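**Q** Here's a structure for you.
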Amino acid sequence: MIQLRDCCKAYTVDQDKASDPVDTVRRVKALLDSKCDGVLAETDRVDTGRLGIPVFVSKCGPRAAEVMPTRKQMGKGASPEQAEASALMELVERYSYFSFWAEDANFEEMTWSQAKAKWPEQLMGIGQIMRSVEDDLPPGQAERLMDLVRWKFHPAFNLVSEREEYVPLDWFKKLNEFNGSSAGNTFEESIFQGGCELVERHVCALIDRNRPELPTIDLDACDDPVFQRLVRCFRENGINLILKDFSSGFPVPTIGAVAWDQKTFPALSEIVFTAGTAASPVKAAARALTEVAQLAGDFETSRVYEASGLSKFTSLDQIEWLKAGPVVSLDSLPSVEDSNILNELKAFAGGLLDKGFAAYSVDTSHPELGVTANYNFVPGFDFRERTPHRSIGLFVGRILAEESAFDEALEGLDVLEDVYPDAYFIPFFRGLLALRMQDPVFAELMFEEAEPLQPADQERALTAFYRAYALSLQEDTDWNGLIGHLDRAVSLDGEVKEFFNLRGVAHFKSGRYGDAARDFQESLNIDSGSPEDLANLGLCHKFMGNRDEAVDYLGAALKLDPSLGYAREHYRELME
């Protein structure tokens, strides 16, 4: 069980830590070498030096690659020591998180009713499940839906009551993915950092969706030396910078940052839009500014970053709303700053409770490594990638359609339809289930029925994509017939690489290699590290007669993923 203790800060330069970052790097690298060999390949500084704000990556070794979907993690900080520590702890956080989920012994699988019978006094209340998706079903109906799935129960530490409650942890994983995972020198440091990141994601989701007028931070009204130096790094390089107060009434400050380089945008740089949350306004600003540096590639390397907590802007007119609002000083923002991180954590949890939110944490520390890691969640918190049209039925239905045994899924979807008559997601999930049951013809009919029912552009786009995907799986596929559905998907939501990828395949299969190349390039603009899209782009150039471009793209794809047999075959053919 997690036990919280006093935790005095030993480092407060640009971030608040219980240990100096130099000591953290030395200690954690030694533990990785001796206890978990093969998890860390190396750490490396990757910024060009133009901004003077260091950015590090930690590269996964073969042992980490076995359990993690990512191959490298980035770290930020105002000093090289802190940036390297950040990258290293990001690796520890994710390796610990994915290893925790891979161990079945960590969980007890059962339905909600079975858990209620086993832990009548310790089970999380059904109200927290309802709160997590803002569903106003009667509690009995909510429990009926939660009984359609066997959940992975695990104890979670309630930060206010400081007692354990059994929770269906995979419910929160389904909602939040790995948002909220954290690592630190102590439980207090790790949990507070993870909690701040959850607040950051939540307020960013609300602001990104509603685009309100917000206060603008005065860049000249703070005498903190780290803040002043970071601002100079942008100004002296001619980079435009706006900081906004995103705090939104929460106990900890969140600062949004938008930055762009008029000289290099859009040829060599992007508009970067991100945020940072911490105990104090100055530390929140430092997190936001170093996060900009992490994403920007020094505004000169054609770096393409993947949007997460906030939208990605492609034209300057899209950020006009961020230029409005009264000018305020940093010290007008909220703060829970204290020399003891435990006191900050308690003030944080108490402030969330005042707003009706309960914060929880799970110890996910890797048993061999012994470095503190946590998975944190707050029922009712949002993040941008989650649909605002949510309900218990939506997420239970997704699990039924994607994971449950066929007979259980069919029966469960009937129950959902009884609880939510005419719900927009029922035919969509029936289509997903039909795909799993290898019936693409019925799946396409379900997606056709589902598309006009969807409540927003993103949902309609996804349904149009799946309709095209179902058609692609049918015998004697008419690849031209997919294009119209994928055109709709892209026009409704142009930020999903899979939409461009499938449309590229459809164009390629129809012999339109130039159109296909444009789609694969658009997919790479969203995810520059996709070996499949690089290989596909290489094939387009081969069939268009552009040998040099084909060799470059196929070679880059094979460097990322040597197992791409079709890419290797065409590469060899070109090199003969």
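Within each chain, counting starts at residue 1; across the structure tokens, chains are named A, B, ... in the order shown, with ligands numbered 1 upward in that order.
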From a DSSP pass on the backbone, collect the residues of range 236-459 of chain A flagged as strand (DSSP E or B) and hand them back as a PyMOL selection string.
**A** chain A and resi 239-245+254-261+272-277+327-328+340+360-363+373-377
**Q** Any chance you could export the current selection's C-alpha atoms as a PDB file, in the first residue's frame?
**A**
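This went into result.pdb:
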ATOM      1  CA  ILE A 239      10.436  33.438 -32.142  1.00  0.00           C
ATOM      2  CA  ASN A 240       6.975  34.725 -31.294  1.00  0.00           C
ATOM      3  CA  LEU A 241       5.715  33.552 -27.901  1.00  0.00           C
ATOM      4  CA  ILE A 242       2.391  33.941 -26.104  1.00  0.00           C
ATOM      5  CA  LEU A 243       1.675  32.509 -22.644  1.00  0.00           C
ATOM      6  CA  LYS A 244      -1.917  32.100 -21.404  1.00  0.00           C
ATOM      7  CA  ASP A 245      -3.514  31.358 -18.056  1.00  0.00           C
ATOM      8  CA  THR A 254      -1.634  25.641 -15.814  1.00  0.00           C
ATOM      9  CA  ILE A 255       0.043  27.811 -18.431  1.00  0.00           C
ATOM     10  CA  GLY A 256      -0.609  27.433 -22.144  1.00  0.00           C
ATOM     11  CA  ALA A 257       2.078  28.388 -24.644  1.00  0.00           C
ATOM     12  CA  VAL A 258       1.906  29.038 -28.366  1.00  0.00           C
ATOM     13  CA  ALA A 259       5.088  29.798 -30.299  1.00  0.00           C
ATOM     14  CA  TRP A 260       6.084  30.180 -33.930  1.00  0.00           C
ATOM     15  CA  ASP A 261       9.016  31.411 -35.975  1.00  0.00           C
ATOM     16  CA  VAL A 272       3.724  24.752 -31.411  1.00  0.00           C
ATOM     17  CA  PHE A 273       0.817  24.773 -28.964  1.00  0.00           C
ATOM     18  CA  THR A 274       1.247  23.110 -25.593  1.00  0.00           C
ATOM     19  CA  ALA A 275       0.908  23.652 -21.821  1.00  0.00           C
ATOM     20  CA  GLY A 276       2.494  22.974 -18.449  1.00  0.00           C
ATOM     21  CA  THR A 277       1.144  22.471 -14.919  1.00  0.00           C
ATOM     22  CA  VAL A 327      -2.686  40.952 -19.479  1.00  0.00           C
ATOM     23  CA  VAL A 328      -1.858  39.543 -16.028  1.00  0.00           C
ATOM     24  CA  ASN A 340       7.518  19.861   1.318  1.00  0.00           C
ATOM     25  CA  TYR A 360      -6.487   8.113  -6.979  1.00  0.00           C
ATOM     26  CA  SER A 361      -3.071   6.524  -7.452  1.00  0.00           C
ATOM     27  CA  VAL A 362      -1.804   2.982  -8.060  1.00  0.00           C
ATOM     28  CA  ASP A 363       1.749   1.813  -7.366  1.00  0.00           C
ATOM     29  CA  ALA A 373       6.213   4.687 -10.607  1.00  0.00           C
ATOM     30  CA  ASN A 374       2.462   5.288 -10.451  1.00  0.00           C
ATOM     31  CA  TYR A 375      -0.722   5.280 -12.473  1.00  0.00           C
ATOM     32  CA  ASN A 376      -2.967   8.148 -11.428  1.00  0.00           C
ATOM     33  CA  PHE A 377      -6.564   8.954 -12.368  1.00  0.00           C
TER      34      PHE A 377
END
**Q** Identify, on the basis of only C-alpha atoms, every residue whose closest approach to range 130-134 of chain A does not exceed 8 Å; exclude the query and any residue fewer than 4 positions from it along the same chain; express the result as JSON, numbers by chain.
**A** {"A": [126, 142, 378, 379, 380, 381, 390, 391, 392]}
**Q** Identify which of the residues A:Ala85, A:Met1, A:Leu413, A:Leu40 lies closest to Phe395 in chain A, counting only C-alpha atoms when measuring atom-to-atom distances.
**A** A:Leu413
**Q** Find the spatial neighbours of Val46 in chain A, counting only C-alpha atoms, within a cut-off of 10 Å - ignore same-chain residues fewer than 4 positions away - and output them as a PyMOL selection string.
**A** chain A and resi 54-57+74+294+297-298
**Q** Any idea what's packed within 8 Å of Ala358 in chain A, counting only C-alpha atoms, ignoring anything in its chain fewer than 5 positions away? Could you give it as number ranges by chain?
**A** A: 158-160, 349, 352-353, 378-379
**Q** Can you tell me, as a PyMOL selection string, which residues in range 1-197 of chain A count as alpha helix (DSSP H) by DSSP?
**A** chain A and resi 21-35+62-65+80-102+112-118+126-133+139-146+169-176+187-197
**Q** For Ala550 in chain A, work out the shell of residues within 9 Å, counting only C-alpha atoms and skipping chain neighbours fewer than 2 positions away, then give it as a PyMOL selection string.
**A** chain A and resi 535+537-543+545-548+552-555+571+574
**Q** I'd like the neighbourhood of Phe98 in chain A as a list of chain:residue names, where a residue qualifies if any of its atoms comes within 9 Å (using only C-alpha atoms), though same-chain residues fewer than 3 positions away should be ignored.
**A**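 Here the answer would be A:Val67, A:Met68, A:Pro69, A:Glu93, A:Arg94, A:Tyr95, A:Trp101, A:Ala102, A:Glu103, A:Phe178.
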**Q** Can you tell me how far CA of Arg518 in chain A sits from CA of Leu502 in chain A, in Å to one decimal?
**A** 12.1 Å
**Q** Within 9 Å of range 230-237 of chain A, counting only C-alpha atoms, which residues show up once you throw out same-chain ones fewer than 4 positions away? Write them as a PyMOL selection string, please.
**A** chain A and resi 50-53+78+219+225-226+241+259+261+286+289-290
**Q** Kindly export the residues of the current selection with N, CA and C atoms, as a PDB file, in the first residue's frame.
**A**
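Dumped to out07.pdb:
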ATOM      1  N   ARG A  50      20.105  25.784 -31.168  1.00  0.00           N
ATOM      2  CA  ARG A  50      19.702  27.129 -31.560  1.00  0.00           C
ATOM      3  C   ARG A  50      19.003  27.858 -30.417  1.00  0.00           C
ATOM      4  N   LEU A  51      18.034  27.209 -29.796  1.00  0.00           N
ATOM      5  CA  LEU A  51      17.300  27.856 -28.711  1.00  0.00           C
ATOM      6  C   LEU A  51      18.110  27.945 -27.424  1.00  0.00           C
ATOM      7  N   GLY A  52      18.997  27.002 -27.251  1.00  0.00           N
ATOM      8  CA  GLY A  52      19.721  26.938 -25.983  1.00  0.00           C
ATOM      9  C   GLY A  52      18.926  26.267 -24.882  1.00  0.00           C
ATOM     10  N   ILE A  53      17.851  25.581 -25.250  1.00  0.00           N
ATOM     11  CA  ILE A  53      17.039  24.826 -24.288  1.00  0.00           C
ATOM     12  C   ILE A  53      17.242  23.352 -24.594  1.00  0.00           C
ATOM     13  N   ALA A  78      15.257  22.983 -18.169  1.00  0.00           N
ATOM     14  CA  ALA A  78      16.020  24.196 -18.470  1.00  0.00           C
ATOM     15  C   ALA A  78      17.515  23.935 -18.455  1.00  0.00           C
ATOM     16  N   LEU A 219       5.134  38.753 -20.041  1.00  0.00           N
ATOM     17  CA  LEU A 219       6.447  38.107 -20.070  1.00  0.00           C
ATOM     18  C   LEU A 219       7.525  38.927 -19.374  1.00  0.00           C
ATOM     19  N   PRO A 225      14.955  34.138 -12.446  1.00  0.00           N
ATOM     20  CA  PRO A 225      16.043  34.070 -13.439  1.00  0.00           C
ATOM     21  C   PRO A 225      15.865  32.970 -14.477  1.00  0.00           C
ATOM     22  N   VAL A 226      15.311  31.832 -14.082  1.00  0.00           N
ATOM     23  CA  VAL A 226      15.096  30.747 -15.045  1.00  0.00           C
ATOM     24  C   VAL A 226      14.042  31.158 -16.058  1.00  0.00           C
ATOM     25  N   LEU A 241       6.126  34.354 -29.051  1.00  0.00           N
ATOM     26  CA  LEU A 241       5.715  33.552 -27.901  1.00  0.00           C
ATOM     27  C   LEU A 241       4.559  34.232 -27.176  1.00  0.00           C
ATOM     28  N   ALA A 259       3.861  29.181 -29.796  1.00  0.00           N
ATOM     29  CA  ALA A 259       5.088  29.798 -30.299  1.00  0.00           C
ATOM     30  C   ALA A 259       5.261  29.462 -31.771  1.00  0.00           C
ATOM     31  N   ASP A 261       7.907  30.645 -35.408  1.00  0.00           N
ATOM     32  CA  ASP A 261       9.016  31.411 -35.975  1.00  0.00           C
ATOM     33  C   ASP A 261       8.584  31.922 -37.348  1.00  0.00           C
ATOM     34  N   ALA A 286       7.867  27.285 -16.739  1.00  0.00           N
ATOM     35  CA  ALA A 286       9.089  26.597 -17.164  1.00  0.00           C
ATOM     36  C   ALA A 286       8.749  25.288 -17.864  1.00  0.00           C
ATOM     37  N   LEU A 289       7.381  26.171 -21.388  1.00  0.00           N
ATOM     38  CA  LEU A 289       8.406  26.663 -22.305  1.00  0.00           C
ATOM     39  C   LEU A 289       9.367  25.553 -22.728  1.00  0.00           C
ATOM     40  N   THR A 290       9.736  24.686 -21.802  1.00  0.00           N
ATOM     41  CA  THR A 290      10.631  23.583 -22.177  1.00  0.00           C
ATOM     42  C   THR A 290       9.890  22.541 -23.004  1.00  0.00           C
TER      43      THR A 290
END
**Q** Taking only C-alpha atoms into account, name the residue in A:Phe425, A:Glu408, A:Leu473, A:Thr48 that is nearest to Ala450 in chain A.
**A**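 Closest to Ala450 in chain A of all the choices is A:Phe425.
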**Q** Which residue is closest to Ala285 in chain A? Choose from A:Gly351, A:Pro168, A:Pro155, A:Pro253 and count only C-alpha atoms.
**A**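 When distances to Ala285 in chain A are compared using only C-alpha atoms, the smallest one comes from A:Pro253.
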**Q** Select, from A:Ala307, A:Phe157, A:Glu411, A:Gly238, the residue with the minimum atom-to-atom distance to Val496 in chain A, counting only C-alpha atoms.
**A** A:Ala307
**Q** Could you state the separation of CA of Glu189 in chain A and CA of Ile341 in chain A in Å, given to one decimal place?
**A**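 Interatomic distance here is 6.5 Å.
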